[in-house]
file start04.cif (mmCIF, C-alpha atoms)
data_data
#
loop_
_atom_site.label_atom_id
_atom_site.label_comp_id
_atom_site.auth_asym_id
_atom_site.auth_seq_id
_atom_site.Cartn_x
_atom_site.Cartn_y
_atom_site.Cartn_z
CA MET K 1 90.84 -25.43 -0.22
CA LEU K 2 89.41 -26.67 -3.53
CA MET K 3 92.54 -25.53 -5.38
CA LYS K 4 94.80 -27.40 -2.91
CA PHE K 5 92.68 -30.54 -3.36
CA LEU K 6 92.95 -30.30 -7.15
CA ILE K 7 96.73 -29.86 -6.96
CA ILE K 8 97.08 -32.93 -4.73
CA VAL K 9 94.85 -35.04 -6.96
CA THR K 10 96.81 -33.96 -10.04
CA VAL K 11 100.15 -34.83 -8.43
CA LEU K 12 98.87 -38.20 -7.24
CA PHE K 13 97.55 -38.96 -10.71
CA LEU K 14 100.72 -37.99 -12.53
CA SER K 15 103.31 -39.35 -10.08
CA PRO K 16 103.05 -43.00 -11.18
CA LEU K 17 103.90 -41.91 -14.72
CA SER K 18 107.37 -40.84 -13.60
CA VAL K 19 108.12 -44.40 -12.50
CA TRP K 20 108.53 -45.37 -16.15
CA ALA K 21 111.30 -42.79 -16.53
CA GLY K 22 113.31 -44.36 -13.71
CA THR K 23 113.15 -43.34 -10.06
CA PHE K 24 115.70 -43.52 -7.26
CA LEU K 25 114.23 -42.98 -3.80
CA GLU K 26 116.00 -42.79 -0.43
CA THR K 27 113.78 -42.39 2.64
CA PHE K 28 116.40 -43.53 5.19
CA ASP K 29 114.17 -46.28 6.56
CA GLY K 30 117.20 -48.57 6.84
CA LYS K 31 119.89 -48.43 9.49
CA ASP K 32 122.88 -47.68 7.28
CA LEU K 33 123.98 -45.49 4.39
CA ASP K 34 124.92 -48.17 1.87
CA GLY K 35 125.63 -46.63 -1.52
CA TRP K 36 126.34 -43.16 -0.12
CA GLN K 37 129.80 -41.56 0.13
CA GLN K 38 130.96 -38.37 1.77
CA ILE K 39 133.08 -36.05 -0.36
CA TRP K 40 134.31 -32.47 -0.27
CA ALA K 41 135.33 -32.60 3.37
CA VAL K 42 138.53 -30.58 3.74
CA LYS K 43 138.85 -31.22 7.46
CA GLY K 44 137.08 -34.16 9.17
CA PRO K 45 133.74 -35.71 8.30
CA ALA K 46 130.37 -34.43 9.30
CA VAL K 47 128.12 -36.55 11.52
CA TRP K 48 125.48 -38.49 9.55
CA GLU K 49 123.02 -40.56 11.60
CA ILE K 50 119.71 -42.18 10.66
CA VAL K 51 117.12 -41.61 13.40
CA ASP K 52 113.50 -42.77 13.05
CA GLY K 53 113.66 -42.91 9.25
CA GLU K 54 115.32 -39.51 8.80
CA LEU K 55 118.95 -38.54 8.23
CA HIS K 56 120.32 -36.26 10.94
CA ALA K 57 123.44 -34.36 9.87
CA GLU K 58 125.76 -32.04 11.74
CA SER K 59 128.76 -30.00 10.64
CA ARG K 60 130.56 -27.58 12.93
CA GLU K 61 133.14 -26.50 10.37
CA ALA K 62 133.21 -23.85 7.66
CA TYR K 63 133.85 -26.55 5.05
CA THR K 64 131.17 -28.12 2.88
CA HIS K 65 130.38 -31.78 3.56
CA LEU K 66 128.47 -33.57 0.79
CA LEU K 67 126.85 -37.00 0.86
CA THR K 68 126.67 -38.39 -2.68
CA THR K 69 125.31 -41.37 -4.63
CA GLY K 70 124.64 -42.38 -8.24
CA ASP K 71 127.19 -42.90 -11.01
CA THR K 72 128.59 -41.39 -14.17
CA THR K 73 125.87 -42.90 -16.39
CA TRP K 74 123.12 -40.68 -14.95
CA GLU K 75 122.44 -38.01 -17.55
CA ASP K 76 119.30 -35.82 -17.55
CA TYR K 77 117.27 -35.94 -14.35
CA THR K 78 115.58 -34.05 -11.53
CA MET K 79 116.70 -34.33 -7.90
CA GLU K 80 114.47 -33.36 -4.97
CA LEU K 81 114.82 -33.52 -1.20
CA ASP K 82 113.27 -32.35 2.06
CA VAL K 83 115.45 -30.57 4.60
CA LYS K 84 114.76 -29.14 8.05
CA PRO K 85 117.57 -26.94 9.46
CA LEU K 86 117.66 -27.27 13.24
CA LYS K 87 120.57 -25.10 14.34
CA LYS K 88 123.15 -22.83 12.79
CA HIS K 89 126.69 -22.92 14.23
CA GLY K 90 128.30 -20.06 12.31
CA ILE K 91 128.67 -18.85 8.75
CA GLY K 92 127.18 -21.81 6.89
CA GLY K 93 124.89 -23.19 4.25
CA ILE K 94 122.86 -26.09 2.85
CA SER K 95 123.45 -27.50 -0.65
CA ILE K 96 121.94 -29.78 -3.29
CA ALA K 97 124.17 -31.12 -6.09
CA VAL K 98 123.89 -32.83 -9.49
CA ARG K 99 126.32 -34.13 -12.13
CA VAL K 100 128.67 -35.29 -9.36
CA ASP K 101 131.48 -37.44 -10.78
CA GLY K 102 133.90 -37.54 -7.85
CA THR K 103 135.95 -34.60 -9.07
CA TRP K 104 133.45 -32.05 -10.41
CA LEU K 105 129.86 -31.09 -9.68
CA VAL K 106 127.12 -28.51 -10.15
CA TYR K 107 125.41 -27.35 -6.95
CA CYS K 108 123.02 -24.77 -5.48
CA SER K 109 123.44 -23.45 -1.95
CA ILE K 110 121.45 -21.32 0.47
CA TYR K 111 124.12 -19.68 2.61
CA ASP K 112 125.42 -16.49 4.25
CA PRO K 113 128.94 -15.72 3.03
CA VAL K 114 131.12 -12.84 4.13
CA VAL K 115 131.70 -10.67 1.06
CA ILE K 116 134.62 -8.29 0.61
CA ARG K 117 134.36 -5.66 -2.11
CA GLY K 118 137.37 -3.44 -2.64
CA ASP K 119 138.25 -1.33 0.35
CA ASP K 120 134.79 -1.55 1.92
CA PRO K 121 134.35 -3.35 5.25
CA PRO K 122 133.36 -7.05 4.99
CA VAL K 123 129.60 -7.64 4.76
CA GLN K 124 127.76 -10.85 5.63
CA GLU K 125 125.02 -11.56 3.09
CA ARG K 126 122.18 -14.07 2.94
CA ARG K 127 122.28 -15.48 -0.55
CA ILE K 128 121.44 -18.27 -2.99
CA GLY K 129 124.13 -19.34 -5.42
CA CYS K 130 124.37 -22.02 -8.11
CA HIS K 131 127.83 -22.94 -9.40
CA ALA K 132 129.89 -25.50 -11.29
CA ALA K 133 133.15 -26.35 -9.58
CA GLY K 134 135.86 -28.88 -8.90
CA LEU K 135 136.20 -30.42 -5.47
CA HIS K 136 138.44 -28.24 -3.25
CA LEU K 137 139.38 -26.20 -6.28
CA LEU K 138 138.85 -22.74 -7.65
CA PRO K 139 137.51 -21.26 -9.81
CA ARG K 140 133.75 -21.70 -9.82
CA ALA K 141 131.60 -21.07 -12.86
CA ILE K 142 128.56 -19.07 -11.73
CA LEU K 143 125.12 -19.99 -13.04
CA PHE K 144 123.06 -17.81 -10.70
CA THR K 145 123.28 -15.77 -7.51
CA GLU K 146 120.95 -13.42 -5.65
CA LEU K 147 120.24 -12.12 -2.17
CA ARG K 148 117.61 -14.25 -0.40
CA PRO K 149 116.75 -15.26 3.20
CA LEU K 150 118.15 -18.48 4.63
CA LEU K 151 115.96 -21.54 5.09
CA ARG K 152 113.88 -21.23 8.24
CA LEU K 153 114.98 -23.18 11.28
CA ASN K 154 112.75 -26.02 12.54
CA ARG K 155 110.69 -25.98 9.36
CA TRP K 156 110.73 -28.38 6.44
CA SER K 157 111.77 -26.99 3.06
CA HIS K 158 111.76 -28.72 -0.32
CA LEU K 159 114.70 -28.28 -2.70
CA LYS K 160 114.59 -29.32 -6.37
CA LEU K 161 117.39 -29.13 -8.94
CA SER K 162 116.85 -30.24 -12.55
CA VAL K 163 119.43 -30.78 -15.30
CA GLU K 164 118.88 -31.36 -19.03
CA GLY K 165 121.99 -31.15 -21.18
CA ASP K 166 123.73 -27.95 -20.09
CA ILE K 167 120.49 -26.36 -18.75
CA PHE K 168 119.92 -26.22 -14.98
CA THR K 169 116.79 -25.14 -13.05
CA PHE K 170 116.36 -24.70 -9.28
CA TRP K 171 113.27 -24.49 -7.04
CA ILE K 172 112.64 -23.94 -3.32
CA ASN K 173 109.25 -24.96 -1.92
CA GLY K 174 107.77 -25.05 -5.41
CA GLU K 175 109.00 -21.57 -6.35
CA GLN K 176 111.32 -21.44 -9.33
CA ILE K 177 114.35 -19.57 -8.02
CA MET K 178 116.68 -20.06 -10.98
CA ALA K 179 114.95 -20.16 -14.37
CA PRO K 180 116.37 -22.65 -16.92
CA THR K 181 119.96 -21.44 -17.17
CA LYS K 182 122.71 -22.57 -19.53
CA LEU K 183 126.08 -23.34 -18.00
CA LEU K 184 128.71 -21.36 -19.88
CA ILE K 185 132.36 -22.28 -19.38
CA PHE K 186 134.91 -20.18 -21.20
CA LYS K 187 137.73 -22.67 -21.74
CA GLN K 188 139.81 -20.08 -23.55
CA ILE K 189 140.40 -18.59 -20.10
CA ASP K 190 143.26 -20.52 -18.50
CA VAL K 191 141.60 -21.20 -15.15
CA PHE K 192 138.62 -22.85 -16.89
CA ALA K 193 140.65 -24.91 -19.37
CA ASP K 194 140.17 -28.21 -17.50
CA PHE K 195 136.46 -27.84 -16.75
CA PRO K 196 134.43 -30.83 -18.02
CA ASP K 197 131.23 -30.65 -20.06
CA PHE K 198 129.10 -31.84 -17.09
CA GLN K 199 127.05 -34.23 -19.25
CA THR K 200 126.65 -37.03 -16.66
CA GLY K 201 127.11 -37.72 -12.96
CA GLY K 202 125.45 -38.62 -9.68
CA VAL K 203 123.74 -36.51 -7.03
CA GLY K 204 124.47 -35.18 -3.57
CA PHE K 205 123.42 -32.92 -0.73
CA GLY K 206 125.15 -31.45 2.27
CA LEU K 207 125.81 -28.64 4.70
CA TRP K 208 128.41 -26.68 6.61
CA ASN K 209 128.08 -25.14 10.08
CA TYR K 210 124.53 -26.49 10.41
CA THR K 211 122.61 -29.22 12.17
CA ALA K 212 119.78 -30.39 9.90
CA ILE K 213 117.52 -33.30 8.98
CA PHE K 214 117.29 -34.63 5.40
CA ASP K 215 114.66 -36.98 3.97
CA ASN K 216 112.91 -38.19 0.80
CA ILE K 217 115.83 -37.95 -1.63
CA THR K 218 114.25 -38.53 -5.06
CA VAL K 219 115.93 -38.63 -8.47
CA THR K 220 113.84 -39.12 -11.63
CA GLY K 221 115.11 -39.47 -15.18
CA GLU K 222 115.34 -41.89 -18.09
CA SER K 223 118.96 -42.76 -17.28
CA VAL K 224 118.22 -43.36 -13.56
CA PRO K 225 117.60 -46.99 -12.57
CA ASN K 226 114.58 -47.87 -10.43
CA SER K 227 116.27 -48.29 -7.07
CA GLY K 228 116.40 -47.16 -3.48
CA ASP K 229 114.51 -48.39 -0.46
CA PHE K 230 111.23 -49.21 -2.20
CA ALA K 231 109.97 -51.47 -4.95
CA VAL K 232 108.83 -49.15 -7.70
CA THR K 233 105.13 -49.78 -8.17
CA PRO K 234 102.36 -47.24 -8.78
CA GLN K 235 100.73 -48.12 -5.44
CA GLU K 236 103.90 -47.57 -3.41
CA LYS K 237 104.76 -44.42 -5.34
CA LEU K 238 101.29 -43.05 -4.53
CA ALA K 239 101.78 -43.80 -0.84
CA THR K 240 105.19 -42.12 -0.83
CA THR K 241 103.88 -39.05 -2.66
CA TRP K 242 100.90 -38.73 -0.32
CA GLY K 243 103.16 -38.91 2.72
CA HIS K 244 105.40 -36.23 1.25
CA LEU K 245 102.45 -33.91 0.56
CA LYS K 246 101.05 -34.33 4.07
CA ARG K 247 104.37 -33.04 5.49
CA PHE K 248 103.70 -29.63 3.92
#
call {"tool": "encode", "arguments": {"input": "start04.cif", "output": "structure tokens"}}
result
Amino acid sequence: MLMKFLIIVTVLFLSPLSVWAGTFLETFDGKDLDGWQQIWAVKGPAVWEIVDGELHAESREAYTHLLTTGDTTWEDYTMELDVKPLKKHGIGGISIAVRVDGTWLVYCSIYDPVVIRGDDPPVQERRIGCHAAGLHLLPRAILFTELRPLLRLNRWSHLKLSVEGDIFTFWINGEQIMAPTKLLIFKQIDVFADFPDFQTGGVGFGLWNYTAIFDNITVTGESVPNSGDFAVTPQEKLATTWGHLKRF
């Protein structure tokens, strides 16, 4: 109990300092999604609806739907969000994305793909994967992948994806899942010849074949403007941080 108290006090003390770096916050307290765009939808859009200050999302297709914001001037930053999966409708996943520029992106997903290896029968795996890719295009450059359980239904989880230069780091519920990893793209291979350097871009999150709730989208970095649905002051940042901690 004492350790938890000390952690909370430390976070509350340090959180206002991040305001000076630039903070974008979306808590979905408004009634619309101004500034957000859906991309990467091969077949129709997902359903995005703000209910009681939370974003309810539903996809019943095996195609990733991403909601994105930000612009190409955002450089090094950390993105975080809360997500509560409510129902799974088939083979699906939940994703968080950075360096989104409308054509390319880097993203991490918790999903359960069907994997085919040689002549063996198809196997459905529960897995985490982080990749760089073009929208609707192959190939994907792999940063990280491993077997891991899906996010638990009807329980809040916290996803965090950080980018600095060509180094990416990923956490789930405070646990570092992908250590700082350099994105390597071998442009001498023909299929990777057009890959960008991924130096700037916005952020996004999404899902496929899931119903889920998203909240508290936070992006912090020197290139990120203070914006979102709050006036960035230490007092309001403290209140937001405290509310986020109480959820867990």
call {"tool": "residues_around", "arguments": {"input": "start04.cif", "residues": "Arg148 (chain K)", "least_positions_apart": "5", "cutoff": "10 Å", "atoms": "only C-alpha atoms", "output": "list in words"}}
result
Ile110, Tyr111, Asp112, Glu125, Arg126, Arg127, Ile128, Gly129 and Ile177 of chain K
call {"tool": "closest_residue", "arguments": {"input": "start04.cif", "among": "K:Thr73, K:Thr68, K:Ser59, K:Ser109", "to": "Ala46 (chain K)", "atoms": "only C-alpha atoms"}}
result
K:Ser59
call {"tool": "closest_residue", "arguments": {"input": "start04.cif", "among": "K:Asn173, K:Thr211, K:Gln38, K:Thr69", "to": "Lys160 (chain K)", "atoms": "only C-alpha atoms"}}
result
K:Asn173
call {"tool": "atom_distance", "arguments": {"input": "start04.cif", "atom1": "CA of Ser162 (chain K)", "atom2": "CA of Ala97 (chain K)"}}
result
9.8 Å
call {"tool": "atom_distance", "arguments": {"input": "start04.cif", "atom1": "CA of Ser223 (chain K)", "atom2": "CA of Leu33 (chain K)"}}
result
22.4 Å
call {"tool": "residues_around", "arguments": {"input": "start04.cif", "residues": "Asp82 (chain K)", "least_positions_apart": "2", "cutoff": "8 Å", "atoms": "only C-alpha atoms", "output": "short mmCIF file (atom, residue, chain, number, x, y, z; two decimals) with C-alpha atoms, in the frame of the given file"}}
result
data_model
loop_
_atom_site.label_atom_id
_atom_site.label_comp_id
_atom_site.auth_asym_id
_atom_site.auth_seq_id
_atom_site.Cartn_x
_atom_site.Cartn_y
_atom_site.Cartn_z
CA GLU K 80 114.47 -33.36 -4.97
CA LYS K 84 114.76 -29.14 8.05
CA TRP K 156 110.73 -28.38 6.44
CA SER K 157 111.77 -26.99 3.06
CA HIS K 158 111.76 -28.72 -0.32
CA LEU K 159 114.70 -28.28 -2.70
CA PHE K 214 117.29 -34.63 5.40
CA ASP K 215 114.66 -36.98 3.97
CA ASN K 216 112.91 -38.19 0.80
CA ILE K 217 115.83 -37.95 -1.63
#
call {"tool": "axis_aligned_box", "arguments": {"input": "start04.cif", "around": "region 78-93 of chain K", "padding_each_side": "8 Å", "output": "AutoDock Vina command-line options"}}
result
--center_x 121.0 --center_y -26.6 --center_z 1.4 --size_x 31.4 --size_y 31.5 --size_z 41.9
call {"tool": "closest_residue", "arguments": {"input": "start04.cif", "among": "K:Arg60, K:Arg152, K:Arg117, K:Lys187", "to": "Val83 (chain K)", "atoms": "only C-alpha atoms"}}
result
K:Arg152
call {"tool": "atom_distance", "arguments": {"input": "start04.cif", "atom1": "CA of Ala141 (chain K)", "atom2": "CA of Ala57 (chain K)"}}
result
27.6 Å
call {"tool": "resolve_selection", "arguments": {"input": "start04.cif", "expression": "the PyMOL selection byres ((chain K and resi 227) around 7)", "output": "PyMOL selection string"}}
result
chain K and resi 23-25+225-226+228-229
call {"tool": "residues_near_point", "arguments": {"input": "start04.cif", "point": "(118.5, -38.4, -10.1)", "cutoff": "6 Å", "atoms": "only C-alpha atoms", "output": "ChimeraX atom specification"}}
result
/K:77-79,219-220
call {"tool": "resolve_selection", "arguments": {"input": "start04.cif", "expression": "the PyMOL selection byres ((chain K and resi 163) around 12)", "output": "compact mmCIF listing (two decimals) with C-alpha atoms, in the frame of the given file"}}
result
# COMPACT_ATOMS: atom_id res chain seq x y z
CA TRP K 74 123.12 -40.68 -14.95
CA GLU K 75 122.44 -38.01 -17.55
CA ASP K 76 119.30 -35.82 -17.55
CA TYR K 77 117.27 -35.94 -14.35
CA THR K 78 115.58 -34.05 -11.53
CA MET K 79 116.70 -34.33 -7.90
CA GLU K 80 114.47 -33.36 -4.97
CA ALA K 97 124.17 -31.12 -6.09
CA VAL K 98 123.89 -32.83 -9.49
CA ARG K 99 126.32 -34.13 -12.13
CA VAL K 100 128.67 -35.29 -9.36
CA LEU K 105 129.86 -31.09 -9.68
CA VAL K 106 127.12 -28.51 -10.15
CA TYR K 107 125.41 -27.35 -6.95
CA LYS K 160 114.59 -29.32 -6.37
CA LEU K 161 117.39 -29.13 -8.94
CA SER K 162 116.85 -30.24 -12.55
CA GLU K 164 118.88 -31.36 -19.03
CA GLY K 165 121.99 -31.15 -21.18
CA ASP K 166 123.73 -27.95 -20.09
CA ILE K 167 120.49 -26.36 -18.75
CA PHE K 168 119.92 -26.22 -14.98
CA THR K 169 116.79 -25.14 -13.05
CA PHE K 170 116.36 -24.70 -9.28
CA MET K 178 116.68 -20.06 -10.98
CA ALA K 179 114.95 -20.16 -14.37
CA PRO K 180 116.37 -22.65 -16.92
CA THR K 181 119.96 -21.44 -17.17
CA LYS K 182 122.71 -22.57 -19.53
CA LEU K 183 126.08 -23.34 -18.00
CA PHE K 198 129.10 -31.84 -17.09
CA GLN K 199 127.05 -34.23 -19.25
CA THR K 200 126.65 -37.03 -16.66
CA GLY K 201 127.11 -37.72 -12.96
CA GLY K 202 125.45 -38.62 -9.68
CA VAL K 203 123.74 -36.51 -7.03
CA VAL K 219 115.93 -38.63 -8.47
CA THR K 220 113.84 -39.12 -11.63
CA GLY K 221 115.11 -39.47 -15.18
call {"tool": "resolve_selection", "arguments": {"input": "start04.cif", "expression": "the PyMOL selection byres ((chain K and resi 192-196) around 9)", "output": "JSON, numbers by chain"}}
result
{"K": [104, 132, 133, 134, 139, 140, 141, 185, 186, 187, 188, 189, 190, 191, 197, 198, 199]}
call {"tool": "write_last_selection", "arguments": {"input": "start04.cif", "atoms": "C-alpha atoms", "output": "short mmCIF file (atom, residue, chain, number, x, y, z; two decimals), in the frame of the given file"}}
result
data_model
loop_
_atom_site.label_atom_id
_atom_site.label_comp_id
_atom_site.auth_asym_id
_atom_site.auth_seq_id
_atom_site.Cartn_x
_atom_site.Cartn_y
_atom_site.Cartn_z
CA TRP K 104 133.45 -32.05 -10.41
CA ALA K 132 129.89 -25.50 -11.29
CA ALA K 133 133.15 -26.35 -9.58
CA GLY K 134 135.86 -28.88 -8.90
CA PRO K 139 137.51 -21.26 -9.81
CA ARG K 140 133.75 -21.70 -9.82
CA ALA K 141 131.60 -21.07 -12.86
CA ILE K 185 132.36 -22.28 -19.38
CA PHE K 186 134.91 -20.18 -21.20
CA LYS K 187 137.73 -22.67 -21.74
CA GLN K 188 139.81 -20.08 -23.55
CA ILE K 189 140.40 -18.59 -20.10
CA ASP K 190 143.26 -20.52 -18.50
CA VAL K 191 141.60 -21.20 -15.15
CA ASP K 197 131.23 -30.65 -20.06
CA PHE K 198 129.10 -31.84 -17.09
CA GLN K 199 127.05 -34.23 -19.25
#
call {"tool": "residues_near_point", "arguments": {"input": "start04.cif", "point": "(124.4, -25.5, 1.0)", "cutoff": "8 Å", "atoms": "only C-alpha atoms", "output": "number ranges by chain"}}
result
K: 64, 92-96, 108-111, 205-208
call {"tool": "closest_residue", "arguments": {"input": "start04.cif", "among": "K:Tyr210, K:Tyr63, K:Phe28, K:Phe144", "to": "Gly44 (chain K)", "atoms": "all atoms listed in the file"}}
result
K:Tyr63
call {"tool": "decode", "arguments": {"input": "start04.cif", "residues": "region 115-208 of chain K", "atoms": "C-alpha atoms", "output": "mmCIF file, in the first residue's frame"}}
result
data_model
loop_
_atom_site.group_PDB
_atom_site.id
_atom_site.type_symbol
_atom_site.label_atom_id
_atom_site.label_comp_id
_atom_site.auth_asym_id
_atom_site.auth_seq_id
_atom_site.Cartn_x
_atom_site.Cartn_y
_atom_site.Cartn_z
ATOM 1 C CA VAL K 115 -0.786 -18.636 -39.251
ATOM 2 C CA ILE K 116 0.111 -21.038 -42.048
ATOM 3 C CA ARG K 117 3.574 -22.593 -42.010
ATOM 4 C CA GLY K 118 4.479 -24.824 -44.916
ATOM 5 C CA ASP K 119 2.298 -27.872 -45.239
ATOM 6 C CA ASP K 120 1.149 -27.809 -41.607
ATOM 7 C CA PRO K 121 -2.522 -27.162 -40.817
ATOM 8 C CA PRO K 122 -3.424 -23.492 -40.108
ATOM 9 C CA VAL K 123 -2.989 -22.468 -36.467
ATOM 10 C CA GLN K 124 -4.677 -19.541 -34.728
ATOM 11 C CA GLU K 125 -2.234 -17.747 -32.419
ATOM 12 C CA ARG K 126 -2.623 -15.037 -29.802
ATOM 13 C CA ARG K 127 0.153 -12.589 -30.475
ATOM 14 C CA ILE K 128 1.580 -9.079 -30.170
ATOM 15 C CA GLY K 129 3.194 -7.572 -33.239
ATOM 16 C CA CYS K 130 4.771 -4.201 -34.023
ATOM 17 C CA HIS K 131 5.290 -3.287 -37.677
ATOM 18 C CA ALA K 132 5.956 -0.478 -40.141
ATOM 19 C CA ALA K 133 3.708 -0.590 -43.180
ATOM 20 C CA GLY K 134 1.913 1.271 -45.922
ATOM 21 C CA LEU K 135 -1.856 1.565 -45.869
ATOM 22 C CA HIS K 136 -3.445 -1.447 -47.629
ATOM 23 C CA LEU K 137 -0.024 -2.471 -48.852
ATOM 24 C CA LEU K 138 2.481 -5.224 -48.309
ATOM 25 C CA PRO K 139 5.152 -5.763 -47.191
ATOM 26 C CA ARG K 140 5.429 -4.943 -43.515
ATOM 27 C CA ALA K 141 8.725 -4.314 -41.778
ATOM 28 C CA ILE K 142 8.688 -6.233 -38.484
ATOM 29 C CA LEU K 143 9.988 -4.580 -35.326
ATOM 30 C CA PHE K 144 8.761 -7.168 -32.829
ATOM 31 C CA THR K 145 6.444 -10.149 -32.469
ATOM 32 C CA GLU K 146 5.765 -12.721 -29.755
ATOM 33 C CA LEU K 147 3.027 -14.995 -28.478
ATOM 34 C CA ARG K 148 0.950 -13.297 -25.764
ATOM 35 C CA PRO K 149 -2.659 -13.426 -24.472
ATOM 36 C CA LEU K 150 -5.245 -11.023 -25.855
ATOM 37 C CA LEU K 151 -6.463 -8.063 -23.824
ATOM 38 C CA ARG K 152 -9.066 -9.166 -21.303
ATOM 39 C CA LEU K 153 -12.693 -8.438 -22.086
ATOM 40 C CA ASN K 154 -14.578 -5.944 -19.880
ATOM 41 C CA ARG K 155 -11.359 -4.729 -18.286
ATOM 42 C CA TRP K 156 -9.444 -1.524 -18.897
ATOM 43 C CA SER K 157 -5.929 -1.839 -20.314
ATOM 44 C CA HIS K 158 -3.354 0.893 -20.883
ATOM 45 C CA LEU K 159 -1.308 0.943 -24.096
ATOM 46 C CA LYS K 160 1.778 3.127 -24.579
ATOM 47 C CA LEU K 161 3.938 3.489 -27.690
ATOM 48 C CA SER K 162 6.998 5.767 -27.738
ATOM 49 C CA VAL K 163 9.094 6.898 -30.706
ATOM 50 C CA GLU K 164 12.438 8.723 -30.732
ATOM 51 C CA GLY K 165 14.175 8.890 -34.090
ATOM 52 C CA ASP K 166 14.040 5.343 -35.449
ATOM 53 C CA ILE K 167 13.693 3.763 -31.966
ATOM 54 C CA PHE K 168 10.274 2.460 -30.861
ATOM 55 C CA THR K 169 9.189 1.148 -27.427
ATOM 56 C CA PHE K 170 5.862 -0.447 -26.444
ATOM 57 C CA TRP K 171 4.187 -1.048 -23.056
ATOM 58 C CA ILE K 172 0.959 -2.709 -21.875
ATOM 59 C CA ASN K 173 -0.314 -1.846 -18.396
ATOM 60 C CA GLY K 174 3.084 -0.465 -17.427
ATOM 61 C CA GLU K 175 4.999 -3.562 -18.559
ATOM 62 C CA GLN K 176 7.575 -2.961 -21.268
ATOM 63 C CA ILE K 177 6.641 -5.463 -23.959
ATOM 64 C CA MET K 178 8.977 -4.284 -26.701
ATOM 65 C CA ALA K 179 12.307 -2.906 -25.483
ATOM 66 C CA PRO K 180 13.690 0.113 -27.399
ATOM 67 C CA THR K 181 13.936 -1.314 -30.908
ATOM 68 C CA LYS K 182 15.447 0.223 -34.028
ATOM 69 C CA LEU K 183 13.379 0.087 -37.187
ATOM 70 C CA LEU K 184 15.508 -1.443 -39.930
ATOM 71 C CA ILE K 185 14.324 -1.135 -43.519
ATOM 72 C CA PHE K 186 16.452 -2.777 -46.169
ATOM 73 C CA LYS K 187 15.804 -0.570 -49.186
ATOM 74 C CA GLN K 188 18.131 -2.631 -51.335
ATOM 75 C CA ILE K 189 15.340 -5.216 -51.330
ATOM 76 C CA ASP K 190 12.884 -4.233 -54.052
ATOM 77 C CA VAL K 191 9.705 -4.506 -51.988
ATOM 78 C CA PHE K 192 11.109 -2.069 -49.388
ATOM 79 C CA ALA K 193 12.497 0.451 -51.879
ATOM 80 C CA ASP K 194 9.696 2.996 -51.348
ATOM 81 C CA PHE K 195 9.530 2.799 -47.552
ATOM 82 C CA PRO K 196 9.936 6.234 -45.913
ATOM 83 C CA ASP K 197 12.262 7.072 -43.032
ATOM 84 C CA PHE K 198 9.320 7.452 -40.581
ATOM 85 C CA GLN K 199 10.763 10.615 -39.008
ATOM 86 C CA THR K 200 7.450 12.443 -38.427
ATOM 87 C CA GLY K 201 3.702 11.831 -38.407
ATOM 88 C CA GLY K 202 0.520 11.784 -36.358
ATOM 89 C CA VAL K 203 -1.051 9.118 -34.162
ATOM 90 C CA GLY K 204 -3.925 6.665 -34.314
ATOM 91 C CA PHE K 205 -5.699 3.731 -32.734
ATOM 92 C CA GLY K 206 -8.194 1.180 -33.923
ATOM 93 C CA LEU K 207 -9.591 -2.316 -34.060
ATOM 94 C CA TRP K 208 -11.004 -5.060 -36.233
#
